[in-house]
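Engineer: Provided herewith is a single structure, encoded as structure tokens, for subsequent inquiry.
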Amino acid sequence: VQLQASGGGLVQAGGSLRLSCAPSGRTFSTYATGWFRQAPGKEREFVAAVSWSGDNTEYQDSVKGRFTISRDNAKNTVLLQMNSLKPEDTAVYYCAARWAAPINVVYVTPSQYNDWGQGTQVTVSS
């Protein structure tokens, strides 16, 4: 199963972008999803995660109040709405999925995920 991430681009500080993530191919019945990012010279870091049910979410402290993760299971898509973007948000953003997850559990570390998307570049200019 492959994850397709899209929606990245170049935006000025204070602007907004919306990332989307969708699996292609055969999908399992339930999966939790997370977004991570990696800036040049830095380790991959957690950004946000959502449970299969959509009822539970977690965010990195630096994005709380600015980013919103949500999912539309009917469309099999997970979204990351990013508002009030800052230059320090510049990174490659990756979505990840953990299959057969309990419906209300979120995961915040990379090792907890089974599959990863190819990444989408987000660049915020000052």
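FYI, nothing fancy with the structure tokens labels: chains A, B, ... in order, residues from 1 per chain, ligands from 1 as they appear.
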Would you pick out the contacts of region 59-76 of chain A at 12 Å or less, using only C-alpha atoms, so that residues sharing its chain but fewer than 6 positions from it are not included, and give the list as a ChimeraX atom specification?
Structural biologist: /A:3-4,14-37,45-53,82-86,88-89,95,97,103,106-109
Engineer: Put those residues in a file: C-alpha atoms, as a PDB file, in the first residue's frame.
Structural biologist:
ATOM      1  CA  LEU A   3       0.477   6.716   0.646  1.00  0.00           C
ATOM      2  CA  GLN A   4       0.080   9.716  -1.611  1.00  0.00           C
ATOM      3  CA  GLY A  14       1.416  34.052   7.716  1.00  0.00           C
ATOM      4  CA  GLY A  15      -0.070  32.141   4.814  1.00  0.00           C
ATOM      5  CA  SER A  16      -1.827  28.790   4.689  1.00  0.00           C
ATOM      6  CA  LEU A  17      -1.472  25.430   3.018  1.00  0.00           C
ATOM      7  CA  ARG A  18      -3.500  22.245   3.167  1.00  0.00           C
ATOM      8  CA  LEU A  19      -1.810  18.897   2.865  1.00  0.00           C
ATOM      9  CA  SER A  20      -3.683  15.738   2.008  1.00  0.00           C
ATOM     10  CA  CYS A  21      -2.781  12.086   2.358  1.00  0.00           C
ATOM     11  CA  ALA A  22      -4.549   9.102   0.834  1.00  0.00           C
ATOM     12  CA  PRO A  23      -3.609   5.453   0.519  1.00  0.00           C
ATOM     13  CA  SER A  24      -3.624   3.787  -2.877  1.00  0.00           C
ATOM     14  CA  GLY A  25      -4.214   0.146  -3.490  1.00  0.00           C
ATOM     15  CA  ARG A  26      -5.793  -2.236  -1.029  1.00  0.00           C
ATOM     16  CA  THR A  27      -6.489  -0.685   2.358  1.00  0.00           C
ATOM     17  CA  PHE A  28      -7.049  -2.269   5.733  1.00  0.00           C
ATOM     18  CA  SER A  29     -10.197  -1.663   7.668  1.00  0.00           C
ATOM     19  CA  THR A  30      -8.784   0.887  10.119  1.00  0.00           C
ATOM     20  CA  TYR A  31      -5.665   2.975  10.217  1.00  0.00           C
ATOM     21  CA  ALA A  32      -4.324   5.800  12.349  1.00  0.00           C
ATOM     22  CA  THR A  33      -2.468   8.575  10.537  1.00  0.00           C
ATOM     23  CA  GLY A  34       0.301  10.943  11.435  1.00  0.00           C
ATOM     24  CA  TRP A  35       2.212  13.779   9.845  1.00  0.00           C
ATOM     25  CA  PHE A  36       5.918  14.236  10.391  1.00  0.00           C
ATOM     26  CA  ARG A  37       8.401  16.689   8.945  1.00  0.00           C
ATOM     27  CA  GLU A  45       9.893  15.163  13.961  1.00  0.00           C
ATOM     28  CA  PHE A  46       6.282  14.598  14.860  1.00  0.00           C
ATOM     29  CA  VAL A  47       3.768  17.228  13.751  1.00  0.00           C
ATOM     30  CA  ALA A  48       0.245  15.879  14.256  1.00  0.00           C
ATOM     31  CA  ALA A  49      -1.694  12.627  14.461  1.00  0.00           C
ATOM     32  CA  VAL A  50      -5.296  11.504  14.326  1.00  0.00           C
ATOM     33  CA  SER A  51      -7.014   8.291  15.329  1.00  0.00           C
ATOM     34  CA  TRP A  52      -9.052   6.216  12.889  1.00  0.00           C
ATOM     35  CA  SER A  53     -12.274   7.511  14.423  1.00  0.00           C
ATOM     36  CA  MET A  82      -1.691  24.679   8.206  1.00  0.00           C
ATOM     37  CA  ASN A  83      -2.402  28.325   9.031  1.00  0.00           C
ATOM     38  CA  SER A  84      -0.193  31.185  10.198  1.00  0.00           C
ATOM     39  CA  LEU A  85       2.809  29.475   8.701  1.00  0.00           C
ATOM     40  CA  LYS A  86       6.282  30.476   9.871  1.00  0.00           C
ATOM     41  CA  GLU A  88      10.573  27.466  10.794  1.00  0.00           C
ATOM     42  CA  ASP A  89       7.761  25.286   9.411  1.00  0.00           C
ATOM     43  CA  CYS A  95       2.266  11.252   6.132  1.00  0.00           C
ATOM     44  CA  ALA A  97      -0.212   5.138   8.469  1.00  0.00           C
ATOM     45  CA  ILE A 103     -10.194   3.232  16.506  1.00  0.00           C
ATOM     46  CA  VAL A 106      -3.102   8.081  18.184  1.00  0.00           C
ATOM     47  CA  TYR A 107       0.611   7.454  17.617  1.00  0.00           C
ATOM     48  CA  VAL A 108       3.351  10.063  17.855  1.00  0.00           C
ATOM     49  CA  THR A 109       6.632   8.276  17.097  1.00  0.00           C
TER      50      THR A 109
END
Engineer: Contacts of Thr90 (chain A) at 8 Å or less, counting only C-alpha atoms, minus same-chain residues fewer than 6 places along, as a list in words?
Structural biologist: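 Counting only the stated atoms, we get Ala39, Gln121, Val122, Thr123 and Val124 of chain A.
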Engineer: Run DSSP on the backbone and tell me which residues of region 83-121 of chain A come out as helix (DSSP H, G or I); list them as JSON, numbers by chain.
Structural biologist: {"A": [87, 88, 89, 110, 111, 112]}
Engineer: Could those residues be written to a file, using all heavy atoms, as a tab-separated table (two decimals), in the first residue's frame?
Structural biologist:
chain	number	residue	atom	x	y	z
A	87	PRO	N	8.52	30.65	8.90
A	87	PRO	CA	9.69	30.10	8.19
A	87	PRO	C	10.21	28.82	8.83
A	87	PRO	O	10.69	27.92	8.11
A	87	PRO	CB	10.70	31.24	8.29
A	87	PRO	CG	9.87	32.47	8.34
A	87	PRO	CD	8.66	32.10	9.16
A	88	GLU	N	10.08	28.68	10.12
A	88	GLU	CA	10.57	27.47	10.79
A	88	GLU	C	9.70	26.25	10.52
A	88	GLU	O	10.06	25.14	10.93
A	88	GLU	CB	10.71	27.69	12.31
A	88	GLU	CG	9.48	28.28	12.97
A	88	GLU	CD	9.58	29.79	13.13
A	88	GLU	OE1	10.03	30.47	12.16
A	88	GLU	OE2	9.18	30.28	14.21
A	89	ASP	N	8.58	26.42	9.84
A	89	ASP	CA	7.76	25.29	9.41
A	89	ASP	C	8.28	24.68	8.11
A	89	ASP	O	7.78	23.64	7.67
A	89	ASP	CB	6.31	25.71	9.21
A	89	ASP	CG	5.63	26.13	10.50
A	89	ASP	OD1	5.85	25.46	11.53
A	89	ASP	OD2	4.89	27.14	10.47
A	110	PRO	N	7.76	7.82	14.98
A	110	PRO	CA	7.87	7.20	13.64
A	110	PRO	C	7.85	5.68	13.67
A	110	PRO	O	7.28	5.06	12.76
A	110	PRO	CB	9.21	7.74	13.13
A	110	PRO	CG	9.40	9.03	13.84
A	110	PRO	CD	8.83	8.80	15.21
A	111	SER	N	8.44	5.08	14.68
A	111	SER	CA	8.55	3.63	14.71
A	111	SER	C	7.20	2.94	14.89
A	111	SER	O	7.08	1.73	14.67
A	111	SER	CB	9.49	3.19	15.84
A	111	SER	OG	8.98	3.60	17.10
A	112	GLN	N	6.18	3.69	15.24
A	112	GLN	CA	4.85	3.12	15.44
A	112	GLN	C	4.06	3.00	14.14
A	112	GLN	O	2.97	2.46	14.14
A	112	GLN	CB	4.07	3.95	16.45
A	112	GLN	CG	4.64	3.91	17.87
A	112	GLN	CD	3.91	4.85	18.81
A	112	GLN	OE1	3.75	6.04	18.53
A	112	GLN	NE2	3.48	4.33	19.95
Engineer: Please report, as a ChimeraX atom specification, each residue of region 54-120 of chain A to which DSSP assigns strand (DSSP E or B) when run on this structure's backbone.
Structural biologist: /A:57-59,67-72,77-82,91-99,115-117,120
Engineer: Mind pulling up the distance from CA of Gly117 (chain A) to CA of Gly8 (chain A)?
Structural biologist: 13.0 Å
Engineer: In Å to one decimal, how far is CA of Gln38 (chain A) from CA of Tyr94 (chain A)?
Structural biologist: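 Value for the CA of Tyr94 (chain A)-CA of Gln38 (chain A) distance: 8.2 Å.
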Engineer: Determine the nearest neighbour of Thr77 (chain A) from the options A:Lys42, A:Ser125, A:Gly54, A:Ala101, counting only C-alpha atoms.
Structural biologist: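 Going through A:Lys42, A:Ser125, A:Gly54, A:Ala101 one by one, the smallest distance to Thr77 (chain A) is for A:Gly54.
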Engineer: For CA of Ala100 (chain A) and CA of Glu58 (chain A), quote the distance in Å rounded to one decimal.
Structural biologist: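 Separation of CA of Ala100 (chain A) and CA of Glu58 (chain A): 18.9 Å.
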Engineer: Measuring between only C-alpha atoms, which one of A:Gln12, A:Gln2, A:Thr120, A:Gly7 shows the shortest distance to Ala91 (chain A)?
Structural biologist: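 When distances to Ala91 (chain A) are compared using only C-alpha atoms, the smallest one comes from A:Thr120.
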